[in-house]
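Engineer: One structure follows; several queries about it will come next.
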Amino acid sequence: MRLYAFCIYIFLYTPLAIIALFSFSAGRSASDFHGFSLQWYETAANNRLVKEALMNSLLVAFTSSALATLFGTAAAIMLPRVKGVARILFDGLTYVAIMVPGIVIGISTLIALVTAFNVINPQILAFWPGDPATAPQLGLGFGSLICAHSLFAMALIIVIVRARLMGMDRSLIEASMDLYADPWGTFRQITFPQILPGILAGFLLSFTFSLDDYVIASFVAGSRVTLPIYVFASIRRGVTPEINAIGTAVLVVSLIMLIGSQFLLRRGQKPAT
Amino acid sequence: MARARKWDWTAILLMSPSFAIFLALLVLPIIVVLVLSFGERAEAGGYEAAFTLAQYANLPARWAAFRNTLSLAPTGTILCLLAAYPLAYFLAVKASPRSKLLLLILVIVPFWTSFLIRTYAWIFILGGKGIPALLDWVGIPDVRLINTPFAVLLGIVYAYLPLMVFPIFVSLEKLDKRLLEASEDLGASPWATFRQVTLPLSAPGVATGCMLVFILLMGEYLIPALLGGGKVFFIGNALVDLFLQSRNWPFGSAVAVSLVAIMLVTVTLYLRLTLNRRGFRDQSMV
């Protein structure tokens, strides 16, 4: 049994270790190891396309997780006050957003946006006062990427924050009310500090999700290139040590964010005594 | 009375952005896909309004993708279960309380790191200069691993193992260890104890894990795209082809609607089957 578990851990970590090892190879080919070097990190860091893709990814990840955190948290806090059909509908939508495969989210967002653009763009053109050639036209890009990522992230955050709210000690809120705190004061001083770790963890998880997403992005990114899109395209062209270097860097960053979110989720769960 | 009827404006105000996002980016797009799936393809590759079932009648044209998904998704789920159960059992029952948490975290960490990079790692290992070169060196030449169903299944087990381990671990963890001792005291063999006590009590975790993995596998795209190399493709790959390459949106929509319909039906049936057993209702959602 112990041996089996050991083998599983080897199975889980060997591929990651191999990628990390070969990212330090000095050789030109991806699969022969020729001594230690950081040259592929340097190549990747100096690659203009990589830099641009990384900036795009960070921008999309930050904006979509920030929006999702804001709206998702607001919804999760108010959810206990909503009853009846509206509540069932909202819960249903949250689960559908999480359950529907990413690929279907990507497709449906693509079609819906393109359909909407086909309706709106001629209108803009018709009412544009100046030269028709300069009229702004809506298209796929950052906007659609941020929208599609926010949807999933928001559903995720609603679930996480609500779980934290339900795990909260009700008596604290009652005590606060008994001590004549108004609802806003109770929220600010009692509820918010308690759910804050959940909110931050949700933000970090959304950020990681957005940074790693290829499937949805491939549909709605238009001509924008995010880091996963760049990596996928490079893999298709062939395995290079540069991807190993990018991959290792991505692994390390997502590891740090994961540890951060777990730390936050755990910290608040311990009794405050 | 008047007060009870008053609208809760704070709640409405704070809920409306998220509700609007759900409506605009989830409900509306799904409706558009449904409408398109009954339409016709325009000459240039767009959409022409119509009401026809032609797209659905055309589904057998993508039969290979459906066949692969419907055979490899359940197979992958079962392989994940077989690989995950002993590990979850070890973590929950055998591991020392001190190392338990660390070992569990070590299982889950890979799941949250980059999916793309983890799958890419296997291209590296299974590809020409990886394991096949190693086998060639020990005297077994010409082994092809990448772009086979085996590679896809391996990628699936590698990617989704953590997702399967976690719910099973949770249900085994809740299991009262005294039951195992009681079974042993009553003369049951270890195997009988496992089959009659442990396994039934961990069934809710098994059910949850299988459902999660199965749902994700039905919509899988990256693993077959990278490790199946165009030979082993899923419905997800057919969808990418239809929407981004051949730009046949109405037919693509029909395929997408069928995929979601198949998922809904299997998951509903599965829940029916498992929830009807006693004790499942309270525990099956970990």
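Labels for the structure tokens follow display order: chains A, B, ..., residues from 1 in each chain, ligands from 1.
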Using only C-alpha atoms, which residues sit within 8 Å of Ala217 in chain A once same-chain residues fewer than 3 positions away are excluded, as a list in words?

Structural biologist: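 Surrounding residues, per the criterion: Gly106, Leu145, Asp213, Tyr214, Val220, Ala221, Thr226 and Ile229 of chain A.
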
Engineer: Looking at A:Thr191, A:Gln137, A:Ser223, A:Thr115, which one is nearest to chain B, with distances taken over only C-alpha atoms?

Structural biologist: A:Thr115

Engineer: List the neighbours of range 52-64 of chain B out to 9 Å using only C-alpha atoms; skip same-chain residues closer than 3 positions along the sequence, and give me the result as a tab-separated table (two decimals) with N, CA and C atoms, in the first residue's frame.

Structural biologist:
chain	number	residue	atom	x	y	z
B	37	SER	N	-28.65	25.95	-33.96
B	37	SER	CA	-28.59	24.53	-34.27
B	37	SER	C	-29.78	24.09	-35.13
B	38	PHE	N	-30.81	24.92	-35.17
B	38	PHE	CA	-31.95	24.60	-36.04
B	38	PHE	C	-31.87	25.36	-37.36
B	39	GLY	N	-30.77	26.08	-37.56
B	39	GLY	CA	-30.67	26.90	-38.75
B	39	GLY	C	-29.93	26.20	-39.88
B	40	GLU	N	-29.58	26.97	-40.88
B	40	GLU	CA	-28.84	26.43	-42.02
B	40	GLU	C	-27.54	27.19	-42.21
B	67	ARG	N	-18.17	8.50	-30.76
B	67	ARG	CA	-17.78	7.15	-30.33
B	67	ARG	C	-16.56	7.23	-29.41
B	68	ASN	N	-15.56	8.01	-29.83
B	68	ASN	CA	-14.36	8.13	-28.99
B	68	ASN	C	-14.69	8.70	-27.62
B	69	THR	N	-15.49	9.78	-27.60
B	69	THR	CA	-15.82	10.40	-26.32
B	69	THR	C	-16.58	9.43	-25.43
B	233	PHE	N	-9.69	11.73	-31.34
B	233	PHE	CA	-10.28	13.04	-31.05
B	233	PHE	C	-11.63	12.88	-30.37
B	234	PHE	N	-11.94	13.88	-29.56
B	234	PHE	CA	-13.18	13.89	-28.79
B	234	PHE	C	-14.17	14.85	-29.45
B	235	ILE	N	-15.37	14.93	-28.88
B	235	ILE	CA	-16.37	15.87	-29.38
B	235	ILE	C	-15.82	17.30	-29.32
B	238	ALA	N	-13.89	18.04	-32.31
B	238	ALA	CA	-14.77	18.23	-33.47
B	238	ALA	C	-15.37	19.63	-33.42
B	250	PRO	N	-23.93	26.32	-37.72
B	250	PRO	CA	-25.17	25.60	-37.36
B	250	PRO	C	-24.91	24.15	-37.00
B	251	PHE	N	-24.07	23.47	-37.79
B	251	PHE	CA	-23.78	22.07	-37.47
B	251	PHE	C	-23.01	21.98	-36.16
B	252	GLY	N	-22.04	22.88	-35.97
B	252	GLY	CA	-21.29	22.91	-34.72
B	252	GLY	C	-22.22	23.09	-33.53
B	253	SER	N	-23.21	23.98	-33.68
B	253	SER	CA	-24.16	24.21	-32.60
B	253	SER	C	-24.94	22.95	-32.29
B	254	ALA	N	-25.33	22.24	-33.34
B	254	ALA	CA	-26.08	20.99	-33.13
B	254	ALA	C	-25.21	19.99	-32.37
B	255	VAL	N	-23.92	19.92	-32.70
B	255	VAL	CA	-23.01	19.00	-31.99
B	255	VAL	C	-22.89	19.43	-30.52
B	258	SER	N	-26.01	18.56	-28.65
B	258	SER	CA	-26.06	17.12	-28.38
B	258	SER	C	-25.13	16.74	-27.24

Engineer: Excluding Leu38 in chain A and its own-chain neighbours fewer than 2 positions away, which residues fall within 9 Å of it when counting only C-alpha atoms? Please give them as a list in words.

Structural biologist: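 Skipping anything fewer than 2 positions along the chain leaves Ser23, Phe24, Ser25, Ala26, Phe36, Trp40, Tyr41, Glu42, Thr43 and Ala245 of chain A.
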
Engineer: Save the residues we just selected, C-alpha atoms, as a CSV table (one decimal), in the first residue's frame?

Structural biologist:
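Now in selection-v4.csv:
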chain,number,residue,atom,x,y,z
A,23,SER,CA,14.4,23.9,-19.0
A,24,PHE,CA,18.0,24.3,-17.6
A,25,SER,CA,19.6,22.3,-20.4
A,26,ALA,CA,22.2,24.1,-22.5
A,36,PHE,CA,23.2,23.5,-16.8
A,40,TRP,CA,16.3,29.3,-22.4
A,41,TYR,CA,14.9,31.5,-19.7
A,42,GLU,CA,16.8,34.4,-21.2
A,43,THR,CA,15.5,33.5,-24.7
A,245,ALA,CA,11.4,27.3,-19.5

Engineer: Would you give me, as CSV, each residue of chain A having an atom within 6 Å of an atom of chain B, along with its shortest atom pair and that distance in Å to one decimal, using only C-alpha atoms and sorting by chain and residue number?

Structural biologist:
residue,atom,partner,partner_atom,distance
A:Ala5,CA,B:Leu87,CA,5.5
A:Pro15,CA,B:Ala121,CA,5.4
A:Phe71,CA,B:Ser18,CA,5.5
A:Ala74,CA,B:Leu14,CA,5.5
A:Ala75,CA,B:Met15,CA,4.8
A:Met78,CA,B:Ala11,CA,5.4
A:Pro101,CA,B:Gly219,CA,5.2
A:Ser108,CA,B:Pro29,CA,4.9
A:Thr109,CA,B:Pro29,CA,5.7
A:Ala112,CA,B:Pro29,CA,4.9
A:Asp212,CA,B:Ser114,CA,5.7
A:Gly247,CA,B:Ile117,CA,5.7
A:Leu251,CA,B:Thr113,CA,5.8
A:Ser254,CA,B:Thr113,CA,5.5

Engineer: Taking 6 positions as the minimum chain separation for residues in the same chain, which residues sit within 6 Å of Val152 in chain B when counting only C-alpha atoms? Answer as a PDB file with N, CA and C atoms, in the first residue's frame.

Structural biologist:
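Result file is around10.pdb:
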ATOM      1  N   PRO B 224      -6.855  15.152 -25.840  1.00  0.00           N
ATOM      2  CA  PRO B 224      -6.829  14.513 -27.168  1.00  0.00           C
ATOM      3  C   PRO B 224      -6.104  15.355 -28.214  1.00  0.00           C
ATOM      4  N   LEU B 227      -2.209  14.844 -27.083  1.00  0.00           N
ATOM      5  CA  LEU B 227      -1.677  13.487 -26.992  1.00  0.00           C
ATOM      6  C   LEU B 227      -2.312  12.537 -28.007  1.00  0.00           C
ATOM      7  N   GLY B 228      -3.437  12.958 -28.602  1.00  0.00           N
ATOM      8  CA  GLY B 228      -4.098  12.104 -29.595  1.00  0.00           C
ATOM      9  C   GLY B 228      -3.713  12.479 -31.014  1.00  0.00           C
TER      10      GLY B 228
END

Engineer: Find the distance between CA of Leu79 in chain B and CA of Ile156 in chain B and write it in Å to one decimal.

Structural biologist: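 Result for CA of Leu79 in chain B versus CA of Ile156 in chain B: 8.9 Å, one decimal.
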
Engineer: When DSSP works through the backbone of this structure, what residues of range 12-232 of chain B end up as alpha helix (DSSP H), shown as an NGL selection string?

Structural biologist: :B and (12-22 or 28-37 or 54-57 or 63-89 or 97-112 or 115-126 or 131-137 or 149-174 or 177-185 or 190-193 or 199-218 or 222-227)

Engineer: With distances taken over only C-alpha atoms, which of A:Ile173, A:Leu156, A:Val239, A:Val225 is nearest to Arg188 in chain A?

Structural biologist: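 Result for the nearest residue to Arg188 in chain A: A:Ile173.
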
Engineer: Tell me, as an mmCIF file with N, CA and C atoms, in the first residue's frame, which residues lie within 12 Å of Ala133 in chain B, counting only C-alpha atoms; anything in the same chain fewer than 2 positions away does not count.

Structural biologist:
data_model
loop_
_atom_site.group_PDB
_atom_site.id
_atom_site.type_symbol
_atom_site.label_atom_id
_atom_site.label_comp_id
_atom_site.auth_asym_id
_atom_site.auth_seq_id
_atom_site.Cartn_x
_atom_site.Cartn_y
_atom_site.Cartn_z
ATOM 1 N N SER A 31 15.458 17.515 -26.134
ATOM 2 C CA SER A 31 15.444 16.250 -25.426
ATOM 3 C C SER A 31 16.823 15.695 -25.055
ATOM 4 N N ASP A 32 17.890 16.416 -25.359
ATOM 5 C CA ASP A 32 19.193 15.968 -24.865
ATOM 6 C C ASP A 32 19.678 16.972 -23.833
ATOM 7 N N PHE B 124 6.442 15.258 -24.227
ATOM 8 C CA PHE B 124 7.872 15.196 -24.039
ATOM 9 C C PHE B 124 8.310 13.771 -23.687
ATOM 10 N N ILE B 125 7.558 13.152 -22.738
ATOM 11 C CA ILE B 125 7.947 11.833 -22.239
ATOM 12 C C ILE B 125 7.594 10.728 -23.227
ATOM 13 N N LEU B 126 6.392 10.813 -23.823
ATOM 14 C CA LEU B 126 5.947 9.729 -24.713
ATOM 15 C C LEU B 126 6.472 9.900 -26.129
ATOM 16 N N GLY B 127 6.890 11.122 -26.443
ATOM 17 C CA GLY B 127 7.333 11.406 -27.813
ATOM 18 C C GLY B 127 8.626 10.683 -28.174
ATOM 19 N N GLY B 128 9.027 10.848 -29.428
ATOM 20 C CA GLY B 128 10.143 10.113 -30.018
ATOM 21 C C GLY B 128 11.364 9.928 -29.140
ATOM 22 N N LYS B 129 11.798 11.006 -28.461
ATOM 23 C CA LYS B 129 13.058 10.906 -27.725
ATOM 24 C C LYS B 129 12.856 10.535 -26.258
ATOM 25 N N GLY B 130 11.595 10.257 -25.875
ATOM 26 C CA GLY B 130 11.337 9.905 -24.473
ATOM 27 C C GLY B 130 11.370 8.414 -24.261
ATOM 28 N N ILE B 131 10.263 7.850 -23.809
ATOM 29 C CA ILE B 131 10.190 6.432 -23.496
ATOM 30 C C ILE B 131 10.518 5.541 -24.707
ATOM 31 N N LEU B 135 13.154 2.512 -24.702
ATOM 32 C CA LEU B 135 12.810 1.129 -25.026
ATOM 33 C C LEU B 135 13.704 0.609 -26.156
ATOM 34 N N ASP B 136 13.969 1.501 -27.094
ATOM 35 C CA ASP B 136 14.842 1.138 -28.203
ATOM 36 C C ASP B 136 16.215 0.755 -27.675
ATOM 37 N N TRP B 137 16.656 1.497 -26.693
ATOM 38 C CA TRP B 137 17.981 1.299 -26.103
ATOM 39 C C TRP B 137 18.067 -0.056 -25.401
ATOM 40 N N VAL B 138 16.980 -0.498 -24.744
ATOM 41 C CA VAL B 138 17.019 -1.814 -24.089
ATOM 42 C C VAL B 138 16.632 -2.930 -25.043
ATOM 43 N N GLY B 139 16.375 -2.587 -26.314
ATOM 44 C CA GLY B 139 16.181 -3.636 -27.300
ATOM 45 C C GLY B 139 14.754 -3.850 -27.768
ATOM 46 N N ILE B 140 13.863 -2.894 -27.483
ATOM 47 C CA ILE B 140 12.502 -3.020 -28.007
ATOM 48 C C ILE B 140 12.273 -1.842 -28.948
ATOM 49 N N PRO B 141 12.556 -2.017 -30.231
ATOM 50 C CA PRO B 141 12.476 -0.884 -31.143
ATOM 51 C C PRO B 141 11.055 -0.618 -31.619
ATOM 52 N N ASP B 142 10.882 0.558 -32.220
ATOM 53 C CA ASP B 142 9.650 0.923 -32.921
ATOM 54 C C ASP B 142 8.388 0.858 -32.077
ATOM 55 N N VAL B 143 8.455 1.414 -30.894
ATOM 56 C CA VAL B 143 7.243 1.509 -30.093
ATOM 57 C C VAL B 143 6.659 2.907 -30.299
ATOM 58 N N ARG B 144 5.395 2.962 -30.675
ATOM 59 C CA ARG B 144 4.731 4.261 -30.817
ATOM 60 C C ARG B 144 3.790 4.465 -29.642
ATOM 61 N N LEU B 145 3.996 5.500 -28.900
ATOM 62 C CA LEU B 145 3.128 5.734 -27.749
ATOM 63 C C LEU B 145 2.247 6.955 -27.956
#

Engineer: Write down as a PDB file with C-alpha atoms, in the first residue's frame the residues of range 34-228 of chain B whose backbone DSSP state falls under strand (DSSP E).

Structural biologist:
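Below you can see part03.pdb, which holds the result:
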ATOM      1  CA  GLU B  40     -28.841  26.427 -42.020  1.00  0.00           C
ATOM      2  CA  ARG B  41     -25.320  27.176 -43.117  1.00  0.00           C
ATOM      3  CA  TYR B  47     -25.696  31.299 -40.468  1.00  0.00           C
ATOM      4  CA  GLU B  48     -28.955  31.531 -42.330  1.00  0.00           C
TER       5      GLU B  48
END

Engineer: I'd like the contact shell of Tyr95 in chain A - 10 Å cut-off, only C-alpha atoms, skipping same-chain residues fewer than 5 positions apart - returned as a count of residues only.

Structural biologist: 6
